[in-house]
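Data block for coords.cif (mmCIF, C-alpha atoms and all ligand atoms):
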data_upload
loop_
_atom_site.label_atom_id
_atom_site.label_comp_id
_atom_site.auth_asym_id
_atom_site.auth_seq_id
_atom_site.Cartn_x
_atom_site.Cartn_y
_atom_site.Cartn_z
CA MET A 1 88.70 125.66 171.44
CA TYR A 2 89.00 129.38 171.90
CA LEU A 3 91.38 131.85 173.44
CA LYS A 4 90.09 132.63 176.89
CA ASN A 5 92.75 134.47 178.84
CA LEU A 6 96.24 135.84 178.56
CA THR A 7 98.15 136.74 181.72
CA VAL A 8 101.47 138.53 181.34
CA LEU A 9 104.01 139.35 184.06
CA GLY A 10 107.38 140.98 183.39
CA PHE A 11 107.13 140.36 179.63
CA LYS A 12 108.54 143.26 177.62
CA SER A 13 106.53 146.42 178.50
CA PHE A 14 104.23 144.54 180.91
CA ALA A 15 106.07 145.06 184.18
CA ASP A 16 102.98 144.47 186.29
CA LYS A 17 100.83 141.41 186.13
CA THR A 18 98.32 142.03 183.36
CA SER A 19 95.44 139.74 182.62
CA LEU A 20 93.45 139.98 179.39
CA ASN A 21 90.11 138.14 179.18
CA PHE A 22 88.94 137.51 175.62
CA GLN A 23 85.21 137.34 175.18
CA PRO A 24 83.53 135.32 172.43
CA GLY A 25 83.51 137.21 169.18
CA MET A 26 86.09 139.61 167.88
CA THR A 27 88.51 141.45 170.14
CA ALA A 28 90.62 144.32 168.99
CA ILE A 29 93.42 146.10 170.82
CA VAL A 30 93.75 149.69 169.92
CA GLY A 31 96.41 152.10 171.03
CA PRO A 32 99.03 154.61 169.97
CA ASN A 33 102.31 153.60 168.47
CA GLY A 34 104.64 151.95 170.94
CA CYS A 35 101.95 151.32 173.57
CA GLY A 36 102.59 147.57 173.41
CA LYS A 37 99.96 146.11 171.07
CA SER A 38 102.46 143.94 169.24
CA ASN A 39 103.88 142.82 172.61
CA VAL A 40 100.55 141.03 173.24
CA SER A 41 100.87 138.97 170.07
CA ASP A 42 104.57 138.39 170.91
CA ALA A 43 103.51 137.07 174.29
CA ILE A 44 101.08 134.63 172.60
CA ARG A 45 103.75 133.44 170.16
CA TRP A 46 106.30 133.12 172.97
CA VAL A 47 104.03 131.09 175.25
CA LEU A 48 103.22 128.77 172.34
CA GLY A 49 106.91 127.87 172.14
CA GLU A 50 108.64 130.39 169.90
CA GLN A 51 112.39 129.79 170.10
CA SER A 52 113.62 132.54 167.81
CA ALA A 53 114.47 135.76 169.62
CA LYS A 54 114.54 137.50 166.26
CA ALA A 55 110.93 136.50 165.60
CA LEU A 56 110.14 138.19 168.90
CA ARG A 57 111.96 141.31 167.81
CA GLY A 58 114.85 140.82 170.18
CA GLY A 59 118.54 139.93 170.14
CA GLU A 60 118.37 137.12 172.71
CA MET A 61 115.68 135.43 174.70
CA ALA A 62 116.42 137.46 177.87
CA ASP A 63 115.33 140.58 175.95
CA VAL A 64 111.71 139.62 176.52
CA ILE A 65 112.13 140.29 180.25
CA PHE A 66 111.12 143.73 181.41
CA ASN A 67 114.24 145.89 181.18
CA GLY A 68 113.14 148.62 183.53
CA THR A 69 112.49 152.33 183.03
CA ASP A 70 113.76 155.56 184.57
CA SER A 71 111.37 155.14 187.47
CA ARG A 72 111.27 151.34 187.72
CA LYS A 73 113.79 148.59 188.28
CA ALA A 74 114.28 145.79 185.81
CA LEU A 75 112.80 142.37 186.59
CA GLY A 76 114.63 139.02 186.64
CA MET A 77 111.85 136.89 185.23
CA ALA A 78 109.12 136.95 182.61
CA GLU A 79 106.03 134.76 182.75
CA VAL A 80 103.14 134.39 180.32
CA SER A 81 100.10 132.13 180.77
CA LEU A 82 97.64 131.37 177.99
CA THR A 83 94.28 129.80 178.79
CA LEU A 84 92.26 127.99 176.12
CA GLY A 85 88.66 127.01 176.73
CA GLU A 86 86.50 124.17 175.42
CA VAL A 87 89.39 122.03 174.40
CA ASP A 88 88.50 118.68 172.85
CA ALA A 89 89.25 115.91 175.37
CA ASP A 90 90.09 113.41 172.60
CA HIS A 91 92.55 115.86 171.21
CA LEU A 92 94.14 116.27 174.64
CA ARG A 93 94.37 112.50 175.10
CA SER A 94 95.96 112.02 171.70
CA ALA A 95 98.39 114.79 172.61
CA GLY A 96 99.28 112.88 175.79
CA VAL A 97 97.71 115.48 178.08
CA PRO A 98 94.92 113.68 179.89
CA VAL A 99 93.07 116.35 181.84
CA GLU A 100 89.61 116.12 183.28
CA PHE A 101 88.71 119.71 182.45
CA ASN A 102 88.19 121.13 178.97
CA GLU A 103 90.28 124.15 179.85
CA VAL A 104 94.03 124.20 179.38
CA THR A 105 96.47 126.77 180.71
CA VAL A 106 99.90 126.83 179.16
CA THR A 107 102.62 128.73 181.03
CA ARG A 108 106.15 129.67 180.04
CA ARG A 109 108.72 131.25 182.32
CA VAL A 110 112.20 132.55 181.55
CA PHE A 111 114.95 133.89 183.79
CA ARG A 112 117.82 136.25 183.10
CA ASP A 113 120.37 133.44 183.49
CA GLY A 114 118.72 131.71 180.51
CA GLY A 115 116.72 129.06 182.38
CA SER A 116 113.28 128.23 180.94
CA GLU A 117 110.29 126.43 182.42
CA TYR A 118 107.09 125.16 180.80
CA PHE A 119 103.85 124.18 182.48
CA ILE A 120 100.56 122.72 181.34
CA ASN A 121 97.88 123.35 183.96
CA LYS A 122 100.67 124.28 186.42
CA VAL A 123 102.38 120.93 185.96
CA GLY A 124 105.97 121.05 184.70
CA CYS A 125 106.44 119.75 181.16
CA ARG A 126 108.72 119.93 178.12
CA LEU A 127 108.51 122.38 175.21
CA ARG A 128 107.90 119.37 173.03
CA ASP A 129 104.71 118.58 174.98
CA ILE A 130 103.35 122.06 174.29
CA GLN A 131 104.22 121.85 170.59
CA GLN A 132 102.53 118.46 170.42
CA LEU A 133 99.47 119.82 172.20
CA PHE A 134 98.89 122.52 169.57
CA ALA A 135 100.00 120.59 166.49
CA GLY A 136 97.27 120.55 163.88
CA THR A 137 95.07 123.05 165.70
CA GLY A 138 96.24 126.08 163.82
CA VAL A 139 97.72 127.41 167.01
CA GLY A 140 101.47 127.03 166.97
CA LYS A 141 104.77 128.44 166.08
CA THR A 142 104.43 127.86 162.35
CA SER A 143 100.69 128.18 162.28
CA TYR A 144 98.65 130.82 160.62
CA SER A 145 96.60 131.82 163.66
CA VAL A 146 99.11 134.49 164.73
CA MET A 147 99.92 136.90 162.00
CA ALA A 148 102.39 139.59 162.85
CA GLN A 149 102.81 142.91 161.04
CA GLY A 150 103.87 142.20 157.44
CA ASN A 151 103.34 138.45 157.76
CA ILE A 152 100.44 138.35 155.27
CA THR A 153 102.54 140.05 152.64
CA GLN A 154 105.35 137.62 153.44
CA ILE A 155 103.01 134.64 152.97
CA LEU A 156 101.59 135.86 149.74
CA SER A 157 104.98 136.60 148.24
CA SER A 158 106.72 133.51 149.63
CA LYS A 159 107.58 130.29 147.80
CA PRO A 160 104.87 127.70 147.11
CA ASP A 161 106.49 125.32 149.66
CA ASP A 162 106.15 127.91 152.42
CA ARG A 163 102.56 128.55 151.45
CA ARG A 164 101.94 124.81 151.48
CA LEU A 165 102.92 124.75 155.16
CA VAL A 166 100.13 127.19 155.94
CA PHE A 167 97.61 125.14 154.05
CA GLU A 168 98.76 121.92 155.63
CA GLU A 169 98.37 123.46 159.05
CA ALA A 170 94.88 124.63 158.10
CA ALA A 171 94.05 121.15 156.83
CA GLY A 172 95.22 119.66 160.15
CA ILE A 173 97.86 117.38 158.72
CA THR A 174 100.83 119.14 160.29
CA ARG A 175 100.45 117.01 163.38
CA PHE A 176 100.54 113.82 161.33
CA LYS A 177 103.47 115.07 159.35
CA GLN A 178 105.24 115.79 162.60
CA GLN A 179 104.34 112.33 163.85
CA LYS A 180 105.64 110.84 160.59
CA LYS A 181 108.81 112.85 160.92
CA GLU A 182 109.18 111.66 164.49
CA ALA A 183 108.48 108.06 163.49
CA LEU A 184 111.04 108.27 160.67
CA ARG A 185 113.56 109.75 163.07
CA LYS A 186 112.88 106.91 165.50
CA LEU A 187 113.19 104.38 162.67
CA GLU A 188 116.52 105.84 161.69
CA HIS A 189 117.57 105.75 165.30
CA THR A 190 116.40 102.13 165.51
CA ASP A 191 118.34 101.27 162.33
CA GLN A 192 121.44 102.76 163.85
CA ASN A 193 120.76 100.80 167.01
CA LEU A 194 120.32 97.64 164.94
CA LEU A 195 123.65 98.27 163.25
CA ARG A 196 125.24 98.72 166.62
CA VAL A 197 123.53 95.57 167.89
CA GLU A 198 124.79 93.60 164.86
CA ASP A 199 128.27 94.88 165.51
CA THR A 200 127.86 93.95 169.13
CA ILE A 201 126.60 90.47 168.18
CA LYS A 202 129.63 89.96 165.92
CA GLU A 203 131.91 91.10 168.69
CA VAL A 204 130.12 88.93 171.21
CA LYS A 205 130.31 85.91 168.88
CA ARG A 206 133.99 86.56 168.51
CA GLN A 207 134.30 86.64 172.25
CA ILE A 208 132.17 83.55 172.84
CA GLY A 209 135.07 81.13 172.19
CA SER A 210 137.31 83.01 174.55
CA LEU A 211 134.51 83.27 177.07
CA GLN A 212 133.77 79.54 176.75
CA ARG A 213 137.42 78.79 177.49
CA GLN A 214 137.30 81.21 180.39
CA ALA A 215 134.07 79.60 181.57
CA GLY A 216 135.75 76.17 181.43
CA LYS A 217 138.64 77.55 183.43
CA ALA A 218 136.22 79.16 185.85
CA ARG A 219 134.37 75.85 186.28
CA ARG A 220 137.65 74.02 186.87
CA TYR A 221 138.66 76.76 189.25
CA GLN A 222 135.37 76.37 191.11
CA ALA A 223 135.80 72.60 191.33
CA LEU A 224 139.40 72.98 192.52
CA ALA A 225 138.41 75.74 194.91
CA THR A 226 135.71 73.51 196.37
CA GLU A 227 138.19 70.65 196.70
CA LEU A 228 140.74 73.02 198.20
CA GLN A 229 138.17 74.27 200.68
CA LEU A 230 137.34 70.68 201.63
CA LEU A 231 141.03 69.84 202.05
CA ASP A 232 141.58 73.02 203.99
CA THR A 233 138.72 72.08 206.26
CA GLN A 234 140.11 68.59 206.77
CA LEU A 235 143.60 69.95 207.39
CA ALA A 236 142.23 72.47 209.84
CA ARG A 237 140.31 69.71 211.61
CA HIS A 238 143.46 67.57 211.78
CA GLN A 239 145.51 70.49 213.09
CA PHE A 240 142.76 71.23 215.55
CA ASP A 241 142.87 67.65 216.87
CA LEU A 242 146.67 67.80 217.14
CA LEU A 243 146.54 71.11 218.92
CA GLN A 244 143.83 69.79 221.22
CA GLU A 245 146.03 66.85 222.16
CA GLU A 246 148.99 69.14 222.64
CA ILE A 247 146.88 71.42 224.79
CA GLU A 248 145.90 68.47 227.00
CA VAL A 249 149.55 67.38 227.29
CA ARG A 250 150.63 70.93 228.06
CA GLU A 251 147.87 71.29 230.62
CA THR A 252 149.01 68.10 232.34
CA GLU A 253 152.59 69.37 232.26
CA LEU A 254 151.44 72.68 233.59
CA ALA A 255 149.61 71.04 236.48
CA ARG A 256 152.70 68.97 237.24
CA THR A 257 154.95 71.96 236.96
CA LYS A 258 152.64 73.90 239.27
CA LEU A 259 152.84 71.07 241.75
CA ASP A 260 156.65 70.99 241.44
CA PHE A 261 156.70 74.71 241.81
CA GLU A 262 154.65 74.57 244.98
CA VAL A 263 156.91 71.81 246.34
CA GLY A 264 159.94 73.83 245.28
CA GLN A 265 158.49 76.88 247.00
CA GLU A 266 158.01 74.91 250.18
CA THR A 267 161.58 73.56 249.86
CA VAL A 268 162.89 77.03 249.29
CA LEU A 269 161.03 78.28 252.35
CA ARG A 270 162.35 75.38 254.41
CA LEU A 271 165.87 75.89 253.12
CA ASP A 272 165.54 79.58 253.85
CA ASP A 273 164.63 78.71 257.42
CA GLU A 274 167.56 76.33 257.57
CA VAL A 275 169.88 78.93 256.12
CA LEU A 276 168.60 81.36 258.71
CA GLN A 277 169.22 78.88 261.48
CA LEU A 278 172.66 78.02 260.08
CA ARG A 279 173.44 81.72 259.84
CA GLN A 280 172.43 82.08 263.46
CA GLN A 281 174.59 79.08 264.35
CA LEU A 282 177.42 80.49 262.30
CA SER A 283 177.07 83.77 264.08
CA GLU A 284 177.08 81.98 267.41
CA LEU A 285 180.11 79.95 266.30
CA ASP A 286 181.82 83.14 265.17
CA HIS A 287 181.06 84.58 268.54
CA THR A 288 182.37 81.42 270.26
CA ILE A 289 185.47 81.38 268.02
CA SER A 290 186.20 84.99 268.80
CA GLY A 291 185.71 84.14 272.51
CA GLN A 292 187.95 81.10 272.18
CA GLN A 293 190.49 83.12 270.24
CA GLN A 294 190.44 85.59 273.07
CA VAL A 295 190.85 82.71 275.53
CA GLY A 296 193.61 81.26 273.29
CA LEU A 297 195.37 84.61 273.29
CA GLU A 298 195.07 84.80 277.03
CA LEU A 299 196.29 81.19 277.35
CA LYS A 300 199.14 81.92 275.01
CA ALA A 301 200.02 84.91 277.05
CA GLU A 302 199.83 82.71 280.13
CA VAL A 303 201.96 80.04 278.41
CA ASP A 304 204.47 82.70 277.53
CA ARG A 305 204.39 83.85 281.07
CA HIS A 306 204.82 80.31 282.31
CA GLU A 307 207.59 79.63 279.83
CA ASN A 308 209.33 82.73 281.03
CA LYS A 309 208.78 81.54 284.53
CA ILE A 310 210.11 78.06 283.67
CA GLU A 311 213.13 79.57 282.04
CA PHE A 312 213.61 81.76 285.02
CA ASN A 313 213.14 78.78 287.30
CA GLN A 314 215.56 76.72 285.23
CA GLN A 315 218.11 79.47 285.48
CA ARG A 316 217.41 79.68 289.12
CA LEU A 317 217.66 75.93 289.41
CA GLN A 318 220.94 76.07 287.60
CA GLU A 319 222.12 78.72 290.00
CA LEU A 320 220.90 76.73 292.94
CA GLN A 321 222.61 73.63 291.59
CA ASP A 322 225.75 75.64 291.21
CA GLN A 323 225.28 76.88 294.77
CA ASN A 324 224.59 73.36 295.86
CA ALA A 325 227.71 72.17 294.14
CA ARG A 326 229.66 74.88 295.74
CA ALA A 327 228.06 74.08 299.08
CA LEU A 328 228.87 70.43 298.63
CA HIS A 329 232.36 71.42 297.77
CA ASP A 330 232.52 73.50 300.86
CA ILE A 331 231.09 70.65 302.87
CA THR A 332 233.61 68.31 301.38
CA GLN A 333 236.40 70.69 302.24
CA SER A 334 234.99 71.10 305.69
CA ARG A 335 234.96 67.33 306.20
CA GLU A 336 238.44 67.14 305.00
CA HIS A 337 239.41 69.84 307.49
CA THR A 338 237.44 68.00 310.08
CA ALA A 339 239.12 64.80 309.35
CA ALA A 340 242.55 66.42 309.39
CA GLY A 341 242.21 68.60 312.49
CA ASN A 342 240.75 68.48 315.98
CA ASP A 343 237.47 69.59 317.19
CA ASN A 344 238.66 73.05 318.30
CA SER A 345 240.62 73.79 315.28
CA ASP A 346 237.70 72.31 313.48
CA GLN A 347 235.45 74.75 315.33
CA ARG A 348 237.74 77.65 314.51
CA GLY A 349 238.39 76.60 310.98
CA ALA A 350 234.69 76.21 310.34
CA THR A 351 234.06 79.67 311.66
CA THR A 352 236.78 81.21 309.51
CA ALA A 353 236.13 79.12 306.47
CA CYS A 354 232.63 80.27 306.03
CA THR A 355 232.11 83.77 307.09
CA CYS A 356 229.31 84.09 304.74
CA ALA A 357 227.79 80.68 305.04
CA CYS A 358 224.67 80.61 306.84
CA SER A 359 224.07 78.97 310.16
CA CYS A 360 221.72 76.54 308.56
CA ALA A 361 224.53 75.30 306.31
CA ARG A 362 226.66 74.78 309.27
CA SER A 363 223.88 73.15 311.12
CA ARG A 364 223.16 70.93 308.15
CA ALA A 365 226.86 70.23 307.80
CA SER A 366 226.92 69.32 311.41
CA ARG A 367 223.91 67.13 310.91
CA ARG A 368 225.48 65.57 307.83
CA SER A 369 228.63 64.91 309.70
CA SER A 370 226.70 62.52 311.83
CA SER A 371 225.76 60.52 308.82
CA SER A 372 227.71 60.81 305.56
CA ALA A 373 225.24 58.54 303.79
CA THR A 374 222.48 60.82 304.69
CA ALA A 375 224.49 63.77 303.35
CA ARG A 376 225.15 62.00 300.04
CA SER A 377 221.50 61.29 299.49
CA MET A 378 220.48 64.90 300.04
CA PRO A 379 218.14 66.28 297.39
CA LYS A 380 219.65 68.24 294.54
CA ILE A 381 217.49 71.29 295.29
CA SER A 382 219.37 73.15 297.93
CA PRO A 383 217.69 75.07 300.66
CA ARG A 384 216.99 78.68 299.96
CA PRO A 385 220.31 80.52 299.99
CA CYS A 386 221.17 83.34 302.22
CA ARG A 387 219.67 86.56 301.19
CA SER A 388 223.04 88.18 300.96
CA ARG A 389 224.27 85.63 298.34
CA SER A 390 221.09 85.09 296.29
CA SER A 391 220.69 87.00 293.10
CA ARG A 392 217.42 88.72 292.28
CA PRO A 393 215.17 87.26 289.55
CA ARG A 394 215.64 88.92 286.14
CA SER A 395 212.09 89.38 285.40
P1 LIG A 401 103.21 150.20 166.72
O1 LIG A 401 101.78 150.80 166.65
O2 LIG A 401 104.18 151.17 166.21
O3 LIG A 401 103.24 148.94 166.09
P2 LIG A 401 103.04 148.91 169.18
O4 LIG A 401 101.84 149.36 169.92
O5 LIG A 401 102.92 147.65 168.47
O6 LIG A 401 103.52 150.03 168.22
P3 LIG A 401 105.08 147.58 170.58
O7 LIG A 401 105.98 147.38 169.43
O8 LIG A 401 104.17 146.46 170.92
O9 LIG A 401 104.18 148.84 170.23
O10 LIG A 401 105.82 148.02 171.82
C1 LIG A 401 107.01 148.71 171.77
C2 LIG A 401 107.23 149.19 173.14
O11 LIG A 401 107.57 148.14 173.96
C3 LIG A 401 108.35 150.19 173.16
O12 LIG A 401 107.96 151.28 173.91
C4 LIG A 401 109.45 149.47 173.90
O13 LIG A 401 110.13 150.35 174.75
C5 LIG A 401 108.69 148.49 174.77
N1 LIG A 401 109.54 147.36 175.05
C6 LIG A 401 109.94 146.41 174.20
N2 LIG A 401 110.72 145.51 174.81
C7 LIG A 401 110.81 145.90 176.12
C8 LIG A 401 111.44 145.39 177.28
N3 LIG A 401 112.20 144.28 177.27
N4 LIG A 401 111.31 146.06 178.43
C9 LIG A 401 110.59 147.16 178.50
N5 LIG A 401 109.95 147.71 177.46
C10 LIG A 401 110.05 147.08 176.28
MG MG A 402 103.02 147.07 166.42
#
Structure encoded using structure tokens:
Amino acid sequence: MYLKNLTVLGFKSFADKTSLNFQPGMTAIVGPNGCGKSNVSDAIRWVLGEQSAKALRGGEMADVIFNGTDSRKALGMAEVSLTLGEVDADHLRSAGVPVEFNEVTVTRRVFRDGGSEYFINKVGCRLRDIQQLFAGTGVGKTSYSVMAQGNITQILSSKPDDRRLVFEEAAGITRFKQQKKEALRKLEHTDQNLLRVEDTIKEVKRQIGSLQRQAGKARRYQALATELQLLDTQLARHQFDLLQEEIEVRETELARTKLDFEVGQETVLRLDDEVLQLRQQLSELDHTISGQQQVGLELKAEVDRHENKIEFNQQRLQELQDQNARALHDITQSREHTAAGNDNSDQRGATTACTCACSCARSRASRRSSSSATARSMPKISPRPCRSRSSRPRS
């Protein structure tokens, strides 16, 4: 495994995309102070998973992004890709990175908002995967392969435990130690889980009695619910039958009522006709009554007229009777004169006695003188009196 390529974009002083190809053998970067030599090694450390901003000579991780110059704007992202060649396939498999090629490109990307991304061969992965990939290879955060300015002095003057880390990494046991640490951590986690499971089992055992009682109740509830459903079904069936019968009865009643209604309608129509006819008859009768009333009024008027006439005639009859009586009296007197005197004096006396009597009375008296019986049987209605003596009718 060897370092093949380093591509930097927006990392520290590398504003433009810069690609460094490392040839087999030794490669040295030479340049004046502040030209960015140490930034190359920082880029390698950073892409291998360095989490300490201080180790990268910065205050926070966003400081690794190109900050801009007087003539150039700052960038929002920094990206570094490291390509390793001739990587052992077994090593990759054991690291959980099964790739067909023996070349691995590790990429790290950071944004100003703090977001980080890691890629192995352009496939997204976790930081942990990258650390695992380089564990035991001497290439890593705590490894000895990247020695910054003053690091050698620091190693030589450090504690034996710190030096031991370097030797362990060189011996290739760091990976196993990490795996052991991980396994121990998992064991501890499993122990804690076991404790929780035991607690849960105790709690569940405590709840079993209650749950068994609840289960019994649930079973009884299910049995009763089933029975209730059956009874409900039977009741519904019974009600359905009853309603069906009632529907049939109501339908029969409805048909009968419809028939009655039709008959009633016909009766109503017939009665309407009769009422109309009776109204016509009534109107005719009213007309007849008013005619008859008119006739009655006329008849009454005629009766009144006739009554008046009768009364008048009665009065007239009375007058005539009086006249007749007076005439009879006169006749009687004349007879007496006749009987007492002679014919001449009789002639003279008759002429003087009745200056106003009419000739007819005299003639009748003369006729009556011939037969007194005939004169006595004379009708009560006297002949019409002389116009000079008769009184005019009142009405
Ligand atoms: P020396 O020989 O003194 O060790 P050097 O070549 O190692 O110097 P570096 O320390 O690698 O130089 O680079 C320092 C340069 O990088 C400085 O000019 C600094 O301005 C620049 N630099 C560091 N961080 C950034 C950044 N975030 N954005 C832009 N430039 C940066
Ligand atoms: Mg330097």
(request) Select the residues contacting ligand LIG 401 (chain A) at a distance of at most 8 Å, based on only C-alpha atoms and all ligand atoms, then format the selection as a list in words. (result) Phe11, Lys12, Ser13, Phe14, Ala15, Gly31, Pro32, Asn33, Gly34, Cys35, Gly36, Lys37, Ser38, Asn39, Val40, Gly58, Asp63, Val64, Ile65, Phe66, Asn67, Gly68, Thr69, Ala74 and Gln149 of chain A
(message) I need the residue nearest ligand MG 402 (chain A) from this list: A:Asp42, A:Asp232, A:Glu246, A:Glu169. Use only C-alpha atoms and all ligand atoms for the distance.
(response) A:Asp42
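Separating CA of Ala148 in chain A from CA of Gly114 in chain A is a distance of 25.3 Å.
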(request) Work out how far apart CA of Ala135 in chain A and CA of Ile120 in chain A are and give it in Å to one decimal. (result) 15.0 Å
(request) Extract, using only C-alpha atoms, all DNA, RNA and protein residues at most 6 Å from range 79-89 of chain A, discarding same-chain residues fewer than 5 positions from it, and format them as a PyMOL selection string. (result) chain A and resi 1-9+102-109
